[in-house]
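Asks: This is the structure I have questions about; it appears just below.
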Amino acid sequence: MAATAVTAGRLLRLRAAGAEGHWRRLRGAGLPGGFLQPASADGDAAQRRQVAHFTFQPDPEPLEYGQTQKMNLFQAVTSALDNSLAKDPTAVIFGEDVAFGGVFRCTVGLRDKYGKDRVFNTPLCEQGIVGFGIGIAVTGATAIAEIQFADYIFPAFDQIVNEAAKYRYRSGDLFNCGSLTIRSPWGCVGHGALYHSQSPEAFFAHCPGIKVVIPRSPFQAKGLLLSCIEDKNPCIFFEPKILYRAAVEQVPIEPYNIPLSQAEVIQEGSDVTLVAWGTQVHVIREVASMAHEKLGVSCEVIDLRTIIPWDVDTVCKEECFLNLEAPISRVCGYDTPFPHIFEPFYIPDKWKCYDALRKMINY
Amino acid sequence: MAVAAAAARVWGSSRGLGRVGLLLLRRSGARGLARSHPQRQQQPFSSLDDKPQFPGASAEFVDKLDFIQPNVISGIPIYRVMDRQGQIINPSEDPHLPQEKVLKFYKTMTLLNTMDRILYESQRQGRISFYMTNYGEEGTHVGSAAALDSTDLVFGQYREAGVLMYRNYPLELFMAQCYGNVSDLGKGRQMPVHYGCRERHFVTISSPLATQIPQAARGPGYGILSIRVDGNDVFAVYNATKEARRRAVAENQPFLIEAMTYRIGHHSTSDDSSAYRSVDEVNYWDKQDHPISRLRHYLQSCGWWDDEQEKAWRKQSRKKVMEAFEQAERKLKPSPSLLFSDVYQEMPTQLRKQQESLARHLQTYGEHYPLDHFEK
């Protein structure tokens with residue numbers, strides 16, 4: 001695992017140079033002068049690619065699961081998949097481009113280690129990927145399907161909602177596809193625009209029979225993904241792609257589980273409750289500290305983790321409606337498709353969250 | 001209608017399913033095609049050749065502008081063994097099945113037909129809510145079911161009950177599902193005809209049909225070995241399925257059988273098909289090209305069936321169906337608490353609360369609900 005991490009790291013740096021550094025490369029490529037003017041050095045913010053809208057905050061090293069290793073989010077996913085394939089001989093991983101390691105490197109090394117019968121590509125057909133996954137899960141295999149971007153999950157929507165989710169219920173528990181897990185990169189990434197940025201969990205949030213899980217960090221991702229894979233119900237696991245490389249923390253090498261349908265109160269507070277999942281958890285953590293600093297407000301911060309079935313008890317009591325001192329405020333993207341160049345204006349960043357909080361305490 | 005043949009491979013007896021027939025749908029993308037289908041393999045790349053070098057394309061260049069006409073392409077020939085009068089056309093294709101087996105084909109198709117008539121009628125009388133008949137398609141069900149192993153896993157669609165009938169699913173359970181009574185293994189969750197049986201390796205039917213269309217429509221396009229057969233010829237269906245299954249297991253690749261048939265009945269009890277097709281057309285299939293008639297002629301020409309037996313069997317099968325029907329109608333429905341289970345393997349807290357909430361509601365408002373028909 002260590003060797004893989006080092007190699008992956010090196011490849012990562014080359015990739016980074018390829019993507020973000022291409023302006024620099026062309027400059028040095030000996031092209032006739034004046035072909036491309038160097039990016040201005042005077043810090044014109046509008047010209048530079050945007051800085052992330054959050055700061056990843058790693059959790060303290062977990063001590064109760066044995067030896068840990070520094071991993072980013074995609075490496076934590078690889079580790080979970082590796083653990084699964086090692087202990088469950090029926091486990092298989094499939095999807096577009098997973099064989100060579102995946103477009104986000106989540107399956108690097110797994111085909112070499114476990115063979116082509118356990119890690120294999122599918123055609124470009126999301127309906128087929130999920131339909132096939134349901135089929136083999138029904139026969140008893142542990143099916144781990146990848147949808148390359150959550151934005152492409154919609155051709156599989158019918159399979160997920162009308163087949164997978166209802167399999168056990170409609171057959172009176174004669175059949176089920178509980179050993180199916182669908183993983184998919186999710187959420188905004190700075191430049192993904194309409195079709196590489198979506199967070200479609202809301203479409204599944206009212207579909208009984210499936211579980212939808214979204215981690216905020218590498219440690220959470222591995223434990224939650226292992227729980228999804230072992231869970232006896234079909235699960236969708238959305239992986240915040242912007243955290244794949246940006247989120248790094250100490251993650252246990254051995255398998256461990258984080259329970260599903262349990263929200264986590266990551267910070268206690270008494271005045272305002274902030275609820276989020278995935279990348280946004282880091283945004284609201286910062287909002288909580290801004291609120292504390294500037295407004296003297298004490299915020300409770302909750303990571304929902306499982307979207308459905310969700311942990312109602314932790315987040316709110318049914319009677320809380322009468323105990324609220326202000327209406328609940330939702331801060332989200334606007335009701336438009338996810339734009340490209342306007343992303344900095346679109347996303348529910350810390351300033352918008354902070355502003356909503358400020359208005360709320362002054363209600 | 002299309003039937004994909006199942007390859008039986010054992011995953012191990014995990015999850016209590018025992019021996020399981022595994023349907024391996026390995027559809028090919030550009031890369032997959034080259035590796036798994038040698039006959040479609042592109043020539044090795046050579047910059048010296050004037051042949052097309054596109055990966056996955058095995059074709060020649062042409063310099064005449066011509067559009068391909070769809071009708072010309074879809075002339076896939078239809079394999080059959082018997083003519084419309086039930087006579088074997090090419091003796092070497094006769095599967096020479098033993099009398100007992102062929103009689104089982106016939107009795108399965110006719111029992112299904114009888115059950116269909118009675119249950120369709122019962123819907124008309126308001127005794128069940130809905131029904132779909134299998135008229136005209138019985139040959140496809142029985143021919144294919146007979147060619148599979150009884151442990152092969154079948155993913156059927158709503159008009160394939162004959163497969164389950166062939167696998168000896170009792171009338172009591174067909175009726176139980178249609179009535180949604182306490183004996184229904186599906187716990188009353190689905191509309192009639194959505195049968196399922198774990199013991200008989202028949203996965204519970206679901207309504208959405210379009211889930212199967214992509215596979216059905218594009219066999220050759222997906223690089224799947226395909227055949228078109230006369231679905232009203234039970235021997236043709238049998239032969240094709242038998243061979244497809246054998247090869248699927250031996251060669252580890254999928255096969256697609258398109259069984260051509262005709263739906264004689266209305267789509268369902270909610271449909272009056274005279275609105276969109278001619279009665280003459282329906283009569284043609286009913287009278288002149290029906291799987292049951294064709295098999296009966298074959299049986300009669302072998303001396304294995306006659307009018308006496310036909311009369312006796314009609315009476316006997318009708319009696320069996322009526323008995324099962326009357327019993328099913330008398331049974332209670334399952335307890336309303338079963339509305340809430342099996343959504344997940346474990347019942348989430350929220351659902352348990354909803355279940356309790358319904359129980360409380362019924363304590364106060366129970367008189368407005370048909371509780372007498374349900375188990376407590």
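Here's how to read the names in the structure tokens: chain A, B, ... by the order shown, residue numbers from 1 in each chain, ligand numbers from 1 in the order shown.
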Going by DSSP on the backbone, which residues of segment 35-200 of chain B come out as helix (DSSP H, G or I)? List them as number ranges by chain.
Replies: B: 35-36, 38-40, 70-73, 91-93, 99-124, 138-147, 161-166, 171-179
Asks: Could you name the residues that touch Asn233 of chain A at 10 Å or less, counting only C-alpha atoms, but leaving out those on the same chain fewer than 4 positions away, as a PyMOL selection string?
Replies: (chain A and resi 164-165+167-168+176-181+209-211+228-229) or (chain B and resi 343-346)
Asks: Which of these, A:Leu85, A:Ile302, A:Ala99, A:Cys332, has the shortest distance to Phe345 of chain A once you count only C-alpha atoms?
Replies: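 Using only C-alpha atoms, Phe345 of chain A sits closest to A:Cys332.
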Asks: At a cut-off of 7 Å, can you tabulate as a tab-separated table every residue of chain A near chain B together with its closest atom pair and the distance in Å to one decimal, using only C-alpha atoms and ordering rows by chain then number?
Replies:
residue	atom	partner	partner_atom	distance
A:Pro123	CA	B:Gly29	CA	4.7
A:Thr139	CA	B:Val20	CA	6.6
A:Gly140	CA	B:Arg15	CA	6.0
A:Arg168	CA	B:Asp342	CA	5.8
A:Tyr169	CA	B:Asp342	CA	4.8
A:Arg170	CA	B:Arg189	CA	5.6
A:Ser171	CA	B:Gly186	CA	4.8
A:Gly172	CA	B:Gly186	CA	4.0
A:Asp173	CA	B:Asp342	CA	6.0
A:Leu174	CA	B:Arg198	CA	5.8
A:Phe175	CA	B:Val203	CA	6.9
A:Pro208	CA	B:Val343	CA	6.5
A:Gly209	CA	B:Val343	CA	5.0
A:Lys232	CA	B:Gln345	CA	6.2
A:Asn233	CA	B:Tyr344	CA	6.0
Asks: Report, in Å to a single decimal, how far apart atom CA of Leu324 of chain A and atom CA of Lys352 of chain A are.
Replies: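 These atoms are spaced 21.1 Å apart.
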Asks: Between atom CA of Val283 of chain A and atom CA of Phe54 of chain A, what distance in Å does the model show, to one decimal?
Replies: 5.4 Å
Asks: Contacts of Ser79 of chain A at 9 Å or less, counting only C-alpha atoms, minus same-chain residues fewer than 3 places along, as a list in words?
Replies: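 Surrounding residues, per the criterion: Met1, Phe74, Gln75, Ala76, Asp82, Asn83, Ser84, Cys106, Lys222, Ile253, Glu254 and Pro255 of chain A.
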Asks: List as a ChimeraX atom specification the protein and nucleic acid residues near segment 243-249 of chain A, meaning an atom at most 9 Å away when only C-alpha atoms are counted, but skip any in the same chain fewer than 4 places from it.
Replies: /A:12,55-61,69-75,104,106,189,216-219,239,278-279
Asks: Which residue gives the smallest distance to Ala202 of chain A among A:Ile308, A:Leu110, A:Ile129, A:Cys353, with only C-alpha atoms counted?
Replies: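 The shortest atom-to-atom distance to Ala202 of chain A comes from A:Ile308.
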Asks: Excluding Asn283 of chain B and any residue of its chain fewer than 5 positions from it, enumerate the residues within 12 Å of it, using only C-alpha atoms, and give them as a compact mmCIF listing (two decimals) with N, CA, C and O atoms, in the first residue's frame.
Replies:
# COMPACT_ATOMS: atom_id res chain seq x y z
N GLY B 136 -51.63 -16.90 -26.53
CA GLY B 136 -50.81 -16.83 -27.73
C GLY B 136 -49.33 -16.96 -27.47
O GLY B 136 -48.57 -17.29 -28.37
N TYR B 262 -47.34 -13.72 -31.01
CA TYR B 262 -48.39 -12.72 -31.13
C TYR B 262 -49.24 -12.75 -29.87
O TYR B 262 -49.68 -13.82 -29.43
N ARG B 263 -49.46 -11.61 -29.32
CA ARG B 263 -50.27 -11.52 -28.10
C ARG B 263 -51.73 -11.50 -28.53
O ARG B 263 -52.21 -10.52 -29.10
N ILE B 264 -52.41 -12.60 -28.28
CA ILE B 264 -53.79 -12.70 -28.75
C ILE B 264 -54.75 -11.94 -27.85
O ILE B 264 -55.71 -11.32 -28.31
N GLY B 265 -54.51 -11.99 -26.54
CA GLY B 265 -55.40 -11.32 -25.60
C GLY B 265 -55.16 -9.81 -25.58
O GLY B 265 -54.23 -9.30 -26.18
N SER B 274 -59.23 -3.82 -29.39
CA SER B 274 -59.90 -3.54 -30.67
C SER B 274 -59.76 -2.07 -31.02
O SER B 274 -60.01 -1.66 -32.15
N ARG B 277 -56.19 -2.50 -33.03
CA ARG B 277 -55.83 -3.54 -33.99
C ARG B 277 -57.10 -4.22 -34.50
O ARG B 277 -58.15 -4.15 -33.85
N SER B 278 -56.96 -4.88 -35.64
CA SER B 278 -58.17 -5.44 -36.25
C SER B 278 -58.48 -6.81 -35.65
O SER B 278 -57.60 -7.60 -35.35
N GLN B 288 -55.29 -19.92 -36.65
CA GLN B 288 -54.41 -20.52 -37.66
C GLN B 288 -52.96 -20.69 -37.22
O GLN B 288 -52.21 -21.38 -37.89
N ASP B 289 -52.54 -20.05 -36.16
CA ASP B 289 -51.14 -20.18 -35.78
C ASP B 289 -51.03 -20.03 -34.26
O ASP B 289 -50.54 -19.03 -33.77
N HIS B 290 -51.53 -21.04 -33.57
CA HIS B 290 -51.54 -20.97 -32.11
C HIS B 290 -50.63 -22.07 -31.56
O HIS B 290 -50.71 -23.22 -32.01
Asks: Let me make sure I understand: among B:Tyr179, B:Tyr79, B:Phe67, B:Phe54, which one has the smallest atom-to-atom distance to Thr241 of chain B if we use only C-alpha atoms?
Replies: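 Under the stated criterion, the closest residue is B:Tyr79.
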Asks: Within 8 Å of Asn181 of chain B, counting only C-alpha atoms, which residues show up once you throw out same-chain ones fewer than 6 positions away? Write them as a PyMOL selection string, please.
Replies: chain B and resi 187-188+328+331-334
Asks: Which neighbours of segment 325-331 of chain A fall inside 7 Å, counting only C-alpha atoms, when residues of the same chain fewer than 5 positions from it are skipped, and could you give them as a PyMOL selection string?
Replies: chain A and resi 348+353+356+360+363
Asks: Looking only at the backbone, which of the residues in segment 135-367 of chain B does DSSP tag as strand (DSSP E or B), as a list in words?
Replies: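 Selection result, strand (DSSP E or B) within segment 135-367 of chain B: Val154, Phe155, Cys197, Phe202, Val203, Leu225, Ser226, Ile227, Arg228, Val229, Asp230, Phe255, Leu256, Ile257, Glu258, Ala259, Met260 and Lys333 of chain B.
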Asks: Report, in Å with one decimal, the straight-line distance from atom CA of Pro259 of chain A to atom CA of Ile307 of chain A.
Replies: 12.9 Å
